[in-house]
Amino acid sequence: VLAITGVQPARATGLSTYYNLTGDQDGEEYGFPTRFIGDINADGREDFAIGSLGYDVGSVEDVGRAQVYSGATGNLIREHTQPFTTAASESAFFGSAIAGIGDANGDGREDYTILDPRFSTGEGGAVFNERGRVIAYSGNDGSVLWTYKGTTDYQFQFGNVEIVSARDFNSDGKRDVAVGAPGLNAGQAGGILILSAVDGSLIIQYNGTLSEGYIGTAFDTGFDINGDSTEDFAIGEPFTTNTNFWDGSIRVVSGVSLASPTTVWSIAAPVSNR
């Protein structure tokens, strides 16, 4: 069950529930994830999308689903699921990451991306390599704007994957899309891909260096940490080993160049947590 709440201006003493939303199936995992994606229906209110990793399609289990709702009313605008419902779609977990990407196609409506992490190449997943893909949808009508397909096996697996709106790396006037790829690089060192919001082409990538580091499971951007007028990246490194095995660390990397990254600062897990 997902409850949307907020503070009423005249009653700042508490929260008021606007509406409750619930899943349709047992084990659906409705509400994971939940993300605001911008005003896609042009009513002046922020809309949102909800993933359901365990959603079944017919007899095919855990295909996954993402539903888009009006922020003003809670009414369903549209829903998406993996277009194939063959055995290759089982445990696809479509909708495991969702992000708004602004108005990518210039039609005045904000658009959004959905991760299909275990999609395999070939029609209907005929080749079981689980390279995954990122699909961008039009906020106006839900049509597919572009698709980025993973280039290595299991690229978008091994833990949670983040998708966030990033700065304009290619100077086309649009914010770009940062996608975590924990299975990228040798030994699943992981990485972060910067994709064009306009056509999904790969602009640049940040590469992890630690075997089984799974970089891309947790990161964010949008803030200038070092004062150089460029948005930087805070990157979780959950499987780095400092004093204890896999005690983890956080690294802030300059957003000027992710291909040859400069560390602004890093911090290991506190001693008290080890």
# chains A, B, ... in the order shown; residues from 1 in each chain; ligands from 1
call {"tool": "residues_around", "arguments": {"residues": "segment 200-205 of chain A", "least_positions_apart": "5", "cutoff": "9 Å", "atoms": "only C-alpha atoms", "output": "PyMOL selection string"}}
result
chain A and resi 134-136+145-148+169-170+176-177+191-195+257-259
call {"tool": "residues_around", "arguments": {"residues": "Ser138 of chain A", "least_positions_apart": "3", "cutoff": "9 Å", "atoms": "only C-alpha atoms", "output": "number ranges by chain"}}
result
A: 40, 103-105, 109-113, 141-145
call {"tool": "closest_residue", "arguments": {"among": "A:Thr230, A:Ser96, A:Thr34, A:Asn185", "to": "Tyr206 of chain A", "atoms": "only C-alpha atoms"}}
result
A:Asn185
call {"tool": "atom_distance", "arguments": {"atom1": "atom CA of Gln188 of chain A", "atom2": "atom CA of Ile101 of chain A"}}
result
26.9 Å
call {"tool": "residues_around", "arguments": {"residues": "Ala66 of chain A", "least_positions_apart": "3", "cutoff": "7 Å", "atoms": "only C-alpha atoms", "output": "ChimeraX atom specification"}}
result
/A:49-52,79-81,95
call {"tool": "atom_distance", "arguments": {"atom1": "atom CA of Glu46 of chain A", "atom2": "atom CA of Ser165 of chain A"}}
result
15.6 Å
call {"tool": "closest_residue", "arguments": {"among": "A:Asn140, A:Asn160, A:Ser120, A:Thr22", "to": "Ile77 of chain A", "atoms": "only C-alpha atoms"}}
result
A:Asn140
call {"tool": "atom_distance", "arguments": {"atom1": "atom CA of Glu130 of chain A", "atom2": "atom CA of Trp246 of chain A"}}
result
26.3 Å
call {"tool": "select_by_dssp", "arguments": {"residues": "segment 83-203 of chain A", "states": "strand (DSSP E or B)", "output": "PyMOL selection string"}}
result
chain A and resi 94+98-102+111-116+133-137+144-149+163-166+176-180+190-195+202-203
call {"tool": "closest_residue", "arguments": {"among": "A:Val68, A:Asp224, A:Phe239, A:Gly139", "to": "Asp107 of chain A", "atoms": "only C-alpha atoms"}}
result
A:Gly139
call {"tool": "residues_around", "arguments": {"residues": "Ser249 of chain A", "least_positions_apart": "6", "cutoff": "9 Å", "atoms": "only C-alpha atoms", "output": "PyMOL selection string"}}
result
chain A and resi 235-242+266-269
call {"tool": "decode", "arguments": {"residues": "segment 14-48 of chain A", "atoms": "N, CA, C and O atoms", "output": "compact mmCIF listing (two decimals), in the first residue's frame"}}
result
# COMPACT_ATOMS: atom_id res chain seq x y z
N GLY A 14 0.27 18.83 11.02
CA GLY A 14 0.32 17.41 10.70
C GLY A 14 0.21 17.15 9.22
O GLY A 14 0.14 18.07 8.41
N LEU A 15 0.20 15.87 8.88
CA LEU A 15 0.11 15.46 7.49
C LEU A 15 -1.33 15.07 7.16
O LEU A 15 -2.05 14.57 8.00
N SER A 16 -1.69 15.28 5.91
CA SER A 16 -3.01 14.89 5.43
C SER A 16 -2.83 13.90 4.29
O SER A 16 -2.03 14.13 3.38
N THR A 17 -3.53 12.77 4.34
CA THR A 17 -3.44 11.78 3.28
C THR A 17 -4.31 12.20 2.10
O THR A 17 -5.50 12.42 2.25
N TYR A 18 -3.68 12.32 0.92
CA TYR A 18 -4.42 12.71 -0.28
C TYR A 18 -5.11 11.50 -0.92
O TYR A 18 -6.24 11.57 -1.37
N TYR A 19 -4.39 10.38 -0.99
CA TYR A 19 -4.97 9.17 -1.54
C TYR A 19 -4.08 7.98 -1.19
O TYR A 19 -2.91 8.14 -0.86
N ASN A 20 -4.66 6.78 -1.23
CA ASN A 20 -3.94 5.53 -1.01
C ASN A 20 -3.98 4.71 -2.29
O ASN A 20 -5.02 4.61 -2.94
N LEU A 21 -2.85 4.13 -2.63
CA LEU A 21 -2.76 3.28 -3.81
C LEU A 21 -2.28 1.90 -3.39
O LEU A 21 -1.43 1.79 -2.51
N THR A 22 -2.80 0.87 -4.01
CA THR A 22 -2.43 -0.49 -3.63
C THR A 22 -2.12 -1.32 -4.87
O THR A 22 -2.60 -1.03 -5.97
N GLY A 23 -1.32 -2.37 -4.67
CA GLY A 23 -1.01 -3.30 -5.75
C GLY A 23 -2.16 -4.23 -6.04
O GLY A 23 -3.16 -4.28 -5.31
N ASP A 24 -2.01 -5.01 -7.13
CA ASP A 24 -3.08 -5.90 -7.58
C ASP A 24 -2.84 -7.36 -7.25
O ASP A 24 -3.77 -8.17 -7.26
N GLN A 25 -1.56 -7.74 -6.98
CA GLN A 25 -1.22 -9.15 -6.86
C GLN A 25 -0.45 -9.43 -5.58
O GLN A 25 0.26 -8.55 -5.07
N ASP A 26 -0.55 -10.65 -5.10
CA ASP A 26 0.30 -11.08 -3.99
C ASP A 26 1.77 -11.09 -4.47
O ASP A 26 2.06 -11.55 -5.57
N GLY A 27 2.66 -10.60 -3.64
CA GLY A 27 4.07 -10.62 -3.98
C GLY A 27 4.49 -9.67 -5.07
O GLY A 27 5.58 -9.78 -5.63
N GLU A 28 3.66 -8.69 -5.36
CA GLU A 28 3.94 -7.76 -6.46
C GLU A 28 5.08 -6.80 -6.14
O GLU A 28 5.73 -6.29 -7.04
N GLU A 29 5.29 -6.52 -4.87
CA GLU A 29 6.28 -5.53 -4.42
C GLU A 29 5.97 -4.15 -4.97
O GLU A 29 6.85 -3.41 -5.43
N TYR A 30 4.71 -3.81 -4.90
CA TYR A 30 4.22 -2.52 -5.38
C TYR A 30 4.84 -1.38 -4.58
O TYR A 30 4.89 -1.42 -3.35
N GLY A 31 5.35 -0.39 -5.28
CA GLY A 31 5.94 0.77 -4.62
C GLY A 31 7.45 0.77 -4.59
O GLY A 31 8.07 1.69 -4.05
N PHE A 32 8.05 -0.28 -5.20
CA PHE A 32 9.51 -0.32 -5.24
C PHE A 32 9.96 -0.38 -6.70
O PHE A 32 9.82 -1.42 -7.35
N PRO A 33 10.45 0.75 -7.25
CA PRO A 33 10.64 2.05 -6.60
C PRO A 33 9.44 2.97 -6.79
O PRO A 33 8.50 2.64 -7.53
N THR A 34 9.47 4.14 -6.16
CA THR A 34 8.51 5.21 -6.38
C THR A 34 9.29 6.49 -6.65
O THR A 34 10.15 6.87 -5.85
N ARG A 35 9.02 7.16 -7.78
CA ARG A 35 9.79 8.34 -8.16
C ARG A 35 8.88 9.41 -8.76
O ARG A 35 8.00 9.12 -9.57
N PHE A 36 9.11 10.66 -8.37
CA PHE A 36 8.50 11.77 -9.08
C PHE A 36 9.20 11.91 -10.43
O PHE A 36 10.43 11.78 -10.52
N ILE A 37 8.44 12.16 -11.50
CA ILE A 37 9.02 12.19 -12.84
C ILE A 37 8.71 13.47 -13.61
O ILE A 37 8.98 13.56 -14.81
N GLY A 38 8.16 14.47 -12.94
CA GLY A 38 7.84 15.72 -13.62
C GLY A 38 6.37 15.81 -13.97
O GLY A 38 5.59 14.87 -13.78
N ASP A 39 5.98 16.96 -14.51
CA ASP A 39 4.59 17.19 -14.89
C ASP A 39 4.37 16.67 -16.31
O ASP A 39 4.61 17.37 -17.29
N ILE A 40 3.92 15.43 -16.42
CA ILE A 40 3.80 14.85 -17.76
C ILE A 40 2.44 15.10 -18.41
O ILE A 40 2.29 14.95 -19.62
N ASN A 41 1.43 15.48 -17.62
CA ASN A 41 0.11 15.72 -18.20
C ASN A 41 -0.26 17.20 -18.26
O ASN A 41 -1.40 17.56 -18.52
N ALA A 42 0.74 18.06 -18.01
CA ALA A 42 0.60 19.51 -18.19
C ALA A 42 -0.53 20.12 -17.37
O ALA A 42 -1.21 21.06 -17.81
N ASP A 43 -0.72 19.63 -16.13
CA ASP A 43 -1.74 20.21 -15.26
C ASP A 43 -1.12 21.09 -14.18
O ASP A 43 -1.81 21.53 -13.26
N GLY A 44 0.19 21.29 -14.27
CA GLY A 44 0.87 22.14 -13.29
C GLY A 44 1.27 21.42 -12.02
O GLY A 44 1.80 22.05 -11.10
N ARG A 45 1.07 20.11 -11.95
CA ARG A 45 1.43 19.33 -10.77
C ARG A 45 2.46 18.25 -11.14
O ARG A 45 2.45 17.72 -12.24
N GLU A 46 3.31 17.95 -10.16
CA GLU A 46 4.30 16.90 -10.35
C GLU A 46 3.62 15.53 -10.35
O GLU A 46 2.83 15.22 -9.46
N ASP A 47 3.93 14.73 -11.34
CA ASP A 47 3.38 13.37 -11.42
C ASP A 47 4.44 12.37 -10.96
O ASP A 47 5.59 12.72 -10.74
N PHE A 48 4.05 11.10 -10.82
CA PHE A 48 4.99 10.12 -10.28
C PHE A 48 4.76 8.75 -10.91
O PHE A 48 3.71 8.47 -11.50
